[in-house]
>>> print(open('data_1.csv').read())   # CSV, C-alpha atoms
chain,number,residue,atom,x,y,z
A,1,MET,CA,-12.9,5.4,-43.2
A,2,SER,CA,-12.7,3.7,-39.8
A,3,MET,CA,-9.6,2.9,-37.8
A,4,PRO,CA,-8.5,-0.7,-37.8
A,5,ARG,CA,-9.1,-2.5,-34.5
A,6,LEU,CA,-6.1,-3.9,-32.7
A,7,PRO,CA,-6.2,-7.6,-31.7
A,8,GLY,CA,-7.2,-8.0,-28.1
A,9,GLY,CA,-8.5,-4.5,-27.8
A,10,ALA,CA,-11.8,-5.6,-26.2
A,11,TYR,CA,-9.9,-7.7,-23.7
A,12,ALA,CA,-7.5,-4.9,-22.8
A,13,LYS,CA,-10.5,-2.5,-22.3
A,14,ARG,CA,-12.1,-5.0,-20.0
A,15,VAL,CA,-8.9,-5.4,-17.9
A,16,VAL,CA,-8.4,-1.6,-17.7
A,17,LEU,CA,-12.0,-1.0,-16.7
A,18,GLU,CA,-11.9,-3.8,-14.0
A,19,VAL,CA,-8.6,-2.6,-12.6
A,20,LEU,CA,-9.9,1.0,-12.5
A,21,GLY,CA,-13.3,0.0,-11.0
A,22,TRP,CA,-11.8,-2.2,-8.3
A,23,THR,CA,-9.2,0.4,-7.5
A,24,LEU,CA,-11.9,3.0,-7.0
A,25,VAL,CA,-14.0,0.6,-4.9
A,26,VAL,CA,-11.1,-0.3,-2.6
A,27,GLY,CA,-9.9,3.3,-2.4
A,28,GLY,CA,-13.5,4.5,-1.7
A,29,ILE,CA,-13.8,2.0,1.2
A,30,ALA,CA,-10.5,3.2,2.6
A,31,ALA,CA,-11.5,6.8,2.2
A,32,LEU,CA,-14.6,6.2,4.2
A,33,ILE,CA,-12.3,6.1,7.2
A,34,LEU,CA,-9.4,8.2,5.9
A,35,PRO,CA,-9.7,11.7,4.5
A,36,GLY,CA,-11.0,11.7,1.0
A,37,PRO,CA,-14.2,11.4,-1.1
A,38,GLY,CA,-15.0,7.9,-0.1
A,39,LEU,CA,-18.6,7.6,-1.2
A,40,LEU,CA,-17.8,9.3,-4.5
A,41,MET,CA,-15.0,6.9,-5.2
A,42,LEU,CA,-17.0,3.9,-4.2
A,43,PHE,CA,-19.9,4.9,-6.4
A,44,GLY,CA,-17.6,5.7,-9.3
A,45,GLY,CA,-16.0,2.3,-9.0
A,46,LEU,CA,-19.4,0.6,-8.9
A,47,ALA,CA,-20.4,2.7,-12.0
A,48,ILE,CA,-17.4,1.4,-13.9
A,49,LEU,CA,-17.9,-2.2,-12.7
A,50,SER,CA,-21.5,-2.0,-13.7
A,51,GLN,CA,-20.4,-2.0,-17.3
A,52,GLN,CA,-19.0,-5.5,-16.7
A,53,TYR,CA,-21.0,-7.1,-14.0
A,54,GLU,CA,-24.8,-7.4,-13.5
A,55,TRP,CA,-24.5,-7.4,-9.7
A,56,ALA,CA,-22.8,-4.0,-9.8
A,57,GLU,CA,-25.5,-2.6,-12.2
A,58,ARG,CA,-28.3,-3.8,-9.8
A,59,ARG,CA,-26.6,-1.9,-7.0
A,60,MET,CA,-26.0,1.2,-9.0
A,61,ARG,CA,-29.5,1.6,-10.3
A,62,PRO,CA,-31.1,2.9,-7.0
A,63,VAL,CA,-28.0,5.2,-6.5
A,64,GLU,CA,-28.4,6.6,-10.0
A,65,VAL,CA,-32.1,7.2,-9.6
A,66,ARG,CA,-31.5,9.1,-6.2
A,67,ALA,CA,-28.6,11.0,-7.6
A,68,LYS,CA,-30.5,12.2,-10.6
A,69,ARG,CA,-33.5,13.2,-8.5
A,70,ALA,CA,-31.2,15.1,-6.1
A,71,ALA,CA,-29.5,16.8,-9.0
A,72,ALA,CA,-32.8,17.9,-10.5
A,73,GLU,CA,-34.1,19.1,-7.1
A,74,SER,CA,-30.8,21.0,-6.4
A,75,VAL,CA,-31.3,23.4,-9.4
A,76,GLN,CA,-35.0,24.1,-9.1
A,77,THR,CA,-34.8,27.2,-7.0
A,78,TRP,CA,-32.3,30.1,-7.0
A,79,PRO,CA,-31.6,29.9,-3.3
A,80,ARG,CA,-30.5,26.3,-3.7
A,81,ILE,CA,-28.2,27.2,-6.6
A,82,ILE,CA,-26.8,30.2,-4.8
A,83,LEU,CA,-26.1,28.2,-1.6
A,84,SER,CA,-24.4,25.4,-3.7
A,85,VAL,CA,-22.2,27.9,-5.5
A,86,LEU,CA,-21.3,29.7,-2.2
A,87,GLY,CA,-20.5,26.4,-0.5
A,88,SER,CA,-18.3,25.4,-3.4
A,89,ALA,CA,-16.6,28.8,-3.4
A,90,TRP,CA,-15.9,28.4,0.4
A,91,ILE,CA,-14.3,25.0,-0.2
A,92,LEU,CA,-12.2,26.6,-3.0
A,93,PHE,CA,-11.2,29.5,-0.8
A,94,THR,CA,-10.2,27.2,2.0
A,95,GLY,CA,-8.1,25.1,-0.3
A,96,ILE,CA,-6.3,28.2,-1.7
A,97,VAL,CA,-5.6,29.4,1.9
A,98,TRP,CA,-4.4,25.9,2.8
A,99,LEU,CA,-2.1,26.0,-0.2
A,100,VAL,CA,-0.7,29.4,0.7
A,101,ARG,CA,-0.2,28.4,4.4
A,102,PRO,CA,-0.1,31.7,6.2
A,103,ARG,CA,2.0,31.9,9.3
A,104,VAL,CA,0.7,30.6,12.6
A,105,PRO,CA,-1.2,33.5,14.3
A,106,GLU,CA,-0.4,34.6,17.9
A,107,TRP,CA,-3.8,33.5,19.2
A,108,TRP,CA,-3.2,29.9,18.0
A,109,PRO,CA,-3.5,27.8,21.2
A,110,PHE,CA,-1.1,24.9,20.3
A,111,GLU,CA,2.6,25.5,20.5
A,112,ASN,CA,5.1,23.8,18.2
A,113,ARG,CA,5.5,20.1,19.1
A,114,TRP,CA,3.0,20.5,21.9
A,115,TRP,CA,2.2,16.9,21.7
A,116,ALA,CA,5.8,15.6,21.8
A,117,TRP,CA,5.2,14.2,25.2
A,118,LEU,CA,3.0,11.5,23.6
A,119,VAL,CA,5.9,9.9,21.8
A,120,ARG,CA,9.3,8.7,22.9
A,121,GLY,CA,12.3,10.0,20.9
A,122,LYS,CA,12.5,12.6,18.2
A,123,VAL,CA,9.6,13.1,15.8
A,124,PRO,CA,10.8,13.1,12.2
A,125,ASP,CA,10.6,16.5,10.4
A,126,TRP,CA,8.8,14.9,7.4
A,127,TRP,CA,5.9,14.0,9.7
A,128,PRO,CA,2.9,16.2,8.7
A,129,PHE,CA,2.3,17.4,12.2
A,130,ALA,CA,5.9,17.9,13.1
A,131,ASP,CA,5.7,21.7,13.7
A,132,SER,CA,2.1,22.3,14.9
A,133,TRP,CA,-1.5,21.5,14.3
A,134,TRP,CA,-1.8,24.6,12.0
A,135,PHE,CA,-3.0,23.5,8.6
A,136,ILE,CA,-2.6,19.8,9.2
A,137,GLY,CA,-1.8,17.8,6.1
A,138,ASP,CA,0.0,20.5,4.1
A,139,TRP,CA,-0.4,20.6,0.3
A,140,PRO,CA,-2.2,17.2,-0.3
A,141,VAL,CA,-5.2,18.6,1.7
A,142,ALA,CA,-5.1,21.8,-0.3
A,143,VAL,CA,-5.1,20.0,-3.6
A,144,THR,CA,-8.0,17.8,-2.5
A,145,LEU,CA,-10.0,20.8,-1.4
A,146,VAL,CA,-9.4,22.7,-4.7
A,147,ALA,CA,-10.2,19.6,-6.7
A,148,SER,CA,-13.4,19.0,-4.7
A,149,ALA,CA,-14.5,22.6,-5.4
A,150,VAL,CA,-13.8,22.2,-9.1
A,151,ILE,CA,-15.8,19.0,-9.2
A,152,ALA,CA,-18.6,20.7,-7.3
A,153,PHE,CA,-18.7,23.6,-9.7
A,154,ALA,CA,-18.7,21.2,-12.7
A,155,LEU,CA,-21.6,19.2,-11.2
A,156,ILE,CA,-23.6,22.4,-10.5
A,157,VAL,CA,-23.2,23.6,-14.1
A,158,TYR,CA,-24.1,20.1,-15.4
A,159,SER,CA,-27.1,19.9,-13.2
A,160,TYR,CA,-28.3,23.3,-14.2
A,161,ARG,CA,-27.9,22.7,-17.9
A,162,THR,CA,-29.4,19.3,-17.8
A,163,TYR,CA,-32.2,19.4,-15.1
A,164,ARG,CA,-33.2,23.1,-14.6
A,165,GLY,CA,-37.0,23.3,-15.2
A,166,GLU,CA,-37.4,19.5,-15.2
A,167,ASP,CA,-39.7,17.7,-12.7
A,168,PRO,CA,-37.4,15.8,-10.3
A,169,ASP,CA,-39.9,12.9,-10.2
A,170,GLU,CA,-39.9,12.6,-14.0
A,171,VAL,CA,-36.1,12.7,-14.0
A,172,ALA,CA,-36.0,9.8,-11.5
A,173,GLU,CA,-38.6,7.8,-13.5
A,174,GLN,CA,-36.6,8.2,-16.7
A,175,ALA,CA,-33.5,7.0,-14.8
A,176,GLN,CA,-35.3,4.0,-13.5
A,177,GLN,CA,-36.4,3.0,-17.0
A,178,HIS,CA,-32.9,3.0,-18.5
>>> encode(input="data_1.csv", output="structure tokens")
Amino acid sequence: MSMPRLPGGAYAKRVVLEVLGWTLVVGGIAALILPGPGLLMLFGGLAILSQQYEWAERRMRPVEVRAKRAAAESVQTWPRIILSVLGSAWILFTGIVWLVRPRVPEWWPFENRWWAWLVRGKVPDWWPFADSWWFIGDWPVAVTLVASAVIAFALIVYSYRTYRGEDPDEVAEQAQQH
């Protein structure tokens, strides 16, 4: 027995996908300049928009082919896999240390509010660099680093399970045909 369809469900899905897709595209463009995964967000937004627009699908096809070829190449040898896992582990470790925020060490060259001469008046305490340049950005940076590491680990596992032992050129050719 199938679930009854709600009226306007297809329209609501289209609106949600378009809003999400355009939000990711605009956020990705902003994150190309600001901290964040700009290219990932931009391509994610284009991937979502490619379900609705032919122009987005045309632009996504070469990206998809290159991404699948790169994923297949990245898991062909053990040194590549090990380096990918170590790089992801380093990002995770950095994020955890950033989240814990150890005290500023004695050797740190910048004193608290060393840059205060650049601005007139009092710098507000909520400003992320109010105390020092030690672990700039506080917990948002830490969360982004940890999330990036989790995504990287998930992509390594996906690539290993999907493309290990496959010829990267054949993977790219299959992606081109779809």
>>> atom_distance(input="data_1.csv", atom1="atom CA of Pro102 of chain A", atom2="atom CA of Leu32 of chain A")
29.4 Å
>>> atom_distance(input="data_1.csv", atom1="atom CA of Ile33 of chain A", atom2="atom CA of Ala142 of chain A")
18.8 Å
>>> closest_atom_pairs(input="data_1.csv", of="segment 11-93 of chain A", to="segment 146-159 of chain A", cutoff="8 Å", atoms="all atoms listed in the file", output="CSV")
residue,atom,partner,partner_atom,distance
A:Ala71,CA,A:Ser159,CA,5.7
A:Ala72,CA,A:Ser159,CA,6.6
A:Ser74,CA,A:Ser159,CA,7.8
A:Val75,CA,A:Ser159,CA,6.7
A:Ile81,CA,A:Ile156,CA,7.7
A:Ser84,CA,A:Ile156,CA,7.5
A:Val85,CA,A:Phe153,CA,7.0
A:Ser88,CA,A:Ala149,CA,5.1
A:Ala89,CA,A:Ala149,CA,6.8
A:Ile91,CA,A:Ala149,CA,5.7
A:Leu92,CA,A:Val146,CA,5.1
>>> residues_near_point(input="data_1.csv", point="(-39.3, 15.6, -11.3)", cutoff="10 Å", atoms="all atoms listed in the file", output="ChimeraX atom specification")
/A:68-70,72-73,76,163,165-174
>>> write_last_selection(input="data_1.csv", atoms="C-alpha atoms", output="PDB file, in the coordinates of the input")
ATOM      1  CA  LYS A  68     -30.500  12.200 -10.600  1.00  0.00           C
ATOM      2  CA  ARG A  69     -33.500  13.200  -8.500  1.00  0.00           C
ATOM      3  CA  ALA A  70     -31.200  15.100  -6.100  1.00  0.00           C
ATOM      4  CA  ALA A  72     -32.800  17.900 -10.500  1.00  0.00           C
ATOM      5  CA  GLU A  73     -34.100  19.100  -7.100  1.00  0.00           C
ATOM      6  CA  GLN A  76     -35.000  24.100  -9.100  1.00  0.00           C
ATOM      7  CA  TYR A 163     -32.200  19.400 -15.100  1.00  0.00           C
ATOM      8  CA  GLY A 165     -37.000  23.300 -15.200  1.00  0.00           C
ATOM      9  CA  GLU A 166     -37.400  19.500 -15.200  1.00  0.00           C
ATOM     10  CA  ASP A 167     -39.700  17.700 -12.700  1.00  0.00           C
ATOM     11  CA  PRO A 168     -37.400  15.800 -10.300  1.00  0.00           C
ATOM     12  CA  ASP A 169     -39.900  12.900 -10.200  1.00  0.00           C
ATOM     13  CA  GLU A 170     -39.900  12.600 -14.000  1.00  0.00           C
ATOM     14  CA  VAL A 171     -36.100  12.700 -14.000  1.00  0.00           C
ATOM     15  CA  ALA A 172     -36.000   9.800 -11.500  1.00  0.00           C
ATOM     16  CA  GLU A 173     -38.600   7.800 -13.500  1.00  0.00           C
ATOM     17  CA  GLN A 174     -36.600   8.200 -16.700  1.00  0.00           C
TER      18      GLN A 174
END
>>> closest_residue(input="data_1.csv", among="A:Leu145, A:Leu20, A:Ala175, A:Pro37", to="Trp90 of chain A", atoms="all atoms listed in the file")
A:Leu145
>>> atom_distance(input="data_1.csv", atom1="atom CA of Leu34 of chain A", atom2="atom CA of Val141 of chain A")
12.0 Å
>>> residues_around(input="data_1.csv", residues="segment 41-51 of chain A", least_positions_apart="4", cutoff="10 Å", atoms="all atoms listed in the file", output="list in words")
Arg14, Leu17, Glu18, Val19, Leu20, Gly21, Trp22, Thr23, Leu24, Val25, Val26, Gly27, Gly28, Ile29, Ala30, Ala31, Leu32, Gly36, Pro37, Trp55, Ala56, Glu57, Arg58, Arg59, Met60, Arg61, Val63 and Glu64 of chain A
>>> closest_residue(input="data_1.csv", among="A:Thr144, A:Thr94, A:Gln176, A:Gln52", to="Ala67 of chain A", atoms="all atoms listed in the file")
A:Gln176
>>> closest_residue(input="data_1.csv", among="A:Trp98, A:Thr77, A:Val143, A:Arg103", to="Arg164 of chain A", atoms="all atoms listed in the file")
A:Thr77
